[in-house]
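Shown next, in structure tokens, is the structure this report addresses.
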Amino acid sequence: MEKTPAPDDWLATNRANWDGRVPVHTASDFYDLPGFLSGNEALRGFELAEVGDVSGKSLLHLQCHIGLDTLSWSRRGATVTGLDFSAPAVEAATELAGKIGADTARFVVSDVYEAVEALDGQTFDIVYTGLGALCWLPDIARWARTAASLVAPGGFLYLAEFHPFGDTLGDDGRTVEYDYFNRDATVWDDPSTYTDGEVTSLATRTVEWQHGIGDVLSALVTEGLRVEFLHEHDFTLFPRFPVLERDRGFRFPAGQPRVPLMYSIRASKPA
């Protein structure tokens with residue numbers, strides 16, 4: 001791991017890595033495509049509760065990867081568009097849409113910063129961004145400006161993310177070892193991905209950034225969105241630290257002080 005200003009090739013570097021992840025992820029138990037095709041739910045319970053009924057609404061999923069979350073919203077009645085910078089991911093998502101009969105779902109290849117142009121200025125009732133998306137973007141103000149411009153008047157943006165406080169903890173999950181306020185790029189060289197399965201064609205280098213909660217909220221408010229809530233969650237989706245125990249996700253054990261591991265924001269645009 002190397003702390004450094006953002007390299008000029010950060011976008012191409014990250015795209016190459018995510019292109020390589022697609023065949024590994026589609027074959028993984030983590031994503032469980034056979035289970036999804038048979039009807040398993042890909043969304044988390046708190047997302048369903050916080051977003052609410054999507055029937056008859058248009059929904060845009062930014063940084064959608066292979067489209068499981070996108071298509072889960074389609075199953076619940078939304079007319080969905082997924083956008084991702086990886087052409088192989090969009091191809092996989094489009095294939096999945098065909099297999100489940102999501103005839104109105106569409107997937108678009110684009111860098112998230114270029115989404116407005118890629119979507120011809122269309123706006124949506126709901127703009128959704130799922131877990132593990134913001135760390136790949138260097139400029140959170142530009143992201144908020146893009147996302148807010150895609151929300152139709154009277155609509156809202158919904159963001160679910162891993163909490164940046166978790167990034168300050170060491171491998172033991174108990175000790176603060178890293179600077180919460182560091183905003184430099186972090187360059188990784190890692191041949192693995194977060195799912196199971198053998199990695200054979202992965203470009204190993206990636207570039208990531210940390211965005212504090214205040215940065216994200218301030219960026220959304222600056223773009224004229226009204227924050228309806230910020231919820232912090234004491235669990236996460238995977239055993240990030242060995243101390244975590246499985247309990248409707250993964251949580252710190254009873255008796256240990258807890259810190260937030262995920263958060264969610266809903267922010268609306270005035271009608």
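By convention here, the chains of the structure tokens are called A, B, ... in the order presented, each chain's residues are numbered starting at 1, and ligands are numbered starting at 1 in the order presented.
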TODO: Would you return as a PyMOL selection string the members of segment 16-255 of chain A that DSSP assigns to alpha helix (DSSP H) on this structure's backbone?
DONE: chain A and resi 16-26+33-37+45-51+68-75+87-100+115-118+140-150+213-222
Open item on the list: Can you tell me which residues surround segment 234-246 of chain A at a distance of at most 12 Å, considering only C-alpha atoms, apart from same-chain residues fewer than 3 positions away, and format the answer as a PyMOL selection string?
Closed with: chain A and resi 30+42-46+131-132+160-163+165-167+169-175+194-195+231+249-264
TODO: Enumerate the residues of segment 7-247 of chain A with a DSSP assignment of strand (DSSP E), computed from the backbone, and present them as a ChimeraX atom specification.
DONE: /A:58-62,79-84,106-109,124-129,151-162,185-189,205-208,226-233,235-236,245-246
May I have the residues from that selection written out with C-alpha atoms, as a short mmCIF file (atom, residue, chain, number, x, y, z; two decimals), in the first residue's frame?
data_model
loop_
_atom_site.label_atom_id
_atom_site.label_comp_id
_atom_site.auth_asym_id
_atom_site.auth_seq_id
_atom_site.Cartn_x
_atom_site.Cartn_y
_atom_site.Cartn_z
CA SER A 58 -37.58 4.88 -12.52
CA LEU A 59 -34.36 3.92 -10.75
CA LEU A 60 -30.76 4.52 -11.77
CA HIS A 61 -28.03 2.42 -10.17
CA LEU A 62 -24.63 4.10 -10.42
CA THR A 79 -37.89 0.50 -14.32
CA VAL A 80 -34.14 0.24 -13.87
CA THR A 81 -31.01 1.54 -15.53
CA GLY A 82 -27.61 0.33 -14.41
CA LEU A 83 -24.41 2.23 -15.22
CA ASP A 84 -20.87 0.95 -14.85
CA ARG A 106 -31.04 -1.51 -19.47
CA PHE A 107 -27.34 -1.24 -18.74
CA VAL A 108 -24.99 1.49 -19.93
CA VAL A 109 -21.18 1.58 -20.09
CA PHE A 124 -34.82 9.39 -12.39
CA ASP A 125 -37.20 9.08 -9.45
CA ILE A 126 -34.48 7.26 -7.51
CA VAL A 127 -30.72 7.37 -7.91
CA TYR A 128 -29.21 4.45 -5.98
CA THR A 129 -25.59 3.78 -5.11
CA VAL A 151 -32.43 12.97 -9.62
CA ALA A 152 -35.78 14.14 -10.96
CA PRO A 153 -37.62 16.90 -9.05
CA GLY A 154 -39.51 15.20 -6.23
CA GLY A 155 -37.18 12.20 -6.36
CA PHE A 156 -34.33 11.17 -4.09
CA LEU A 157 -30.83 9.79 -3.94
CA TYR A 158 -30.18 6.77 -1.75
CA LEU A 159 -26.66 5.78 -0.75
CA ALA A 160 -25.61 2.71 1.25
CA GLU A 161 -21.89 2.48 1.98
CA PHE A 162 -19.23 0.99 4.19
CA ALA A 185 -4.95 8.27 -2.98
CA THR A 186 -4.10 4.79 -1.74
CA VAL A 187 -2.48 2.60 -4.39
CA TRP A 188 -2.81 -1.14 -3.86
CA ASP A 189 -1.10 -4.00 -5.66
CA ARG A 205 -3.15 -2.49 -9.24
CA THR A 206 -6.01 -0.31 -7.92
CA VAL A 207 -6.39 3.25 -6.65
CA GLU A 208 -8.79 4.17 -3.84
CA ARG A 226 -32.34 17.76 1.40
CA VAL A 227 -30.92 15.06 3.67
CA GLU A 228 -33.81 13.10 5.14
CA PHE A 229 -31.66 10.81 7.26
CA LEU A 230 -28.19 9.51 7.95
CA HIS A 231 -28.27 6.08 9.56
CA GLU A 232 -25.15 4.39 10.93
CA HIS A 233 -25.18 0.60 11.20
CA PHE A 235 -22.82 -4.51 11.24
CA THR A 236 -21.24 -5.23 7.88
CA GLU A 245 -19.24 -12.57 14.79
CA ARG A 246 -22.02 -13.62 12.39
#
Open item on the list: I'd like the neighbourhood of Leu150 of chain A as a list in words, where a residue qualifies if any of its atoms comes within 7 Å (using only C-alpha atoms), though same-chain residues fewer than 6 positions away should be ignored.
Closed with: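 The contact residues come out as Val116, Gln122, Thr123 and Phe124 of chain A.
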- [ ] Name all residues at most 8 Å from segment 5-22 of chain A (count only C-alpha atoms; drop same-chain ones fewer than 4 positions away) and give them as a list in words.
- [x]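 Returned residues: Thr26, Ile66, Phe85, Ser86, Ala87, Pro88, Ala89, Ala92, Trp136, Pro138, Asp184, Ala185, Thr193, Val199, Ser201, Leu202, Ala203, Thr204, Arg205, Thr206 and Val207 of chain A.
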- [ ] Calculate how many Å separate atom CA of Ala93 of chain A from atom CA of Ala27 of chain A, rounding to one decimal.
- [x]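 Separation between atom CA of Ala93 of chain A and atom CA of Ala27 of chain A: 13.4 Å.
Distance check against Leu217 of chain A using only C-alpha atoms: of A:Leu48, A:Asp139, A:Asn40, A:Arg266, the minimum falls on A:Arg266.
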TODO: For each of A:Pro34, A:Gly121, A:Gly67, A:Gly212, take the minimum atom-to-atom distance to Cys135 of chain A, counting only C-alpha atoms, then give the residue where this is smallest.
DONE: A:Gly212
- [ ] Take atom CA of Asn182 of chain A and atom CA of Ala148 of chain A and report the distance between them in Å, one decimal.
- [x]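 Computing it gives 25.4 Å between the two atoms.
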Task: Nearest to Ser149 of chain A, chosen from A:Leu220, A:Asp53, A:Pro23, A:Ser192, with only C-alpha atoms counted in the distances - done: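 For Ser149 of chain A, the nearest of the candidates is A:Leu220.
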Open item on the list: If I take atom CA of Glu223 of chain A and atom CA of Ser268 of chain A, how far is one from the other in Å, to one decimal?
Closed with: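 If I compute the distance from atom CA of Glu223 of chain A to atom CA of Ser268 of chain A, I get 10.8 Å.
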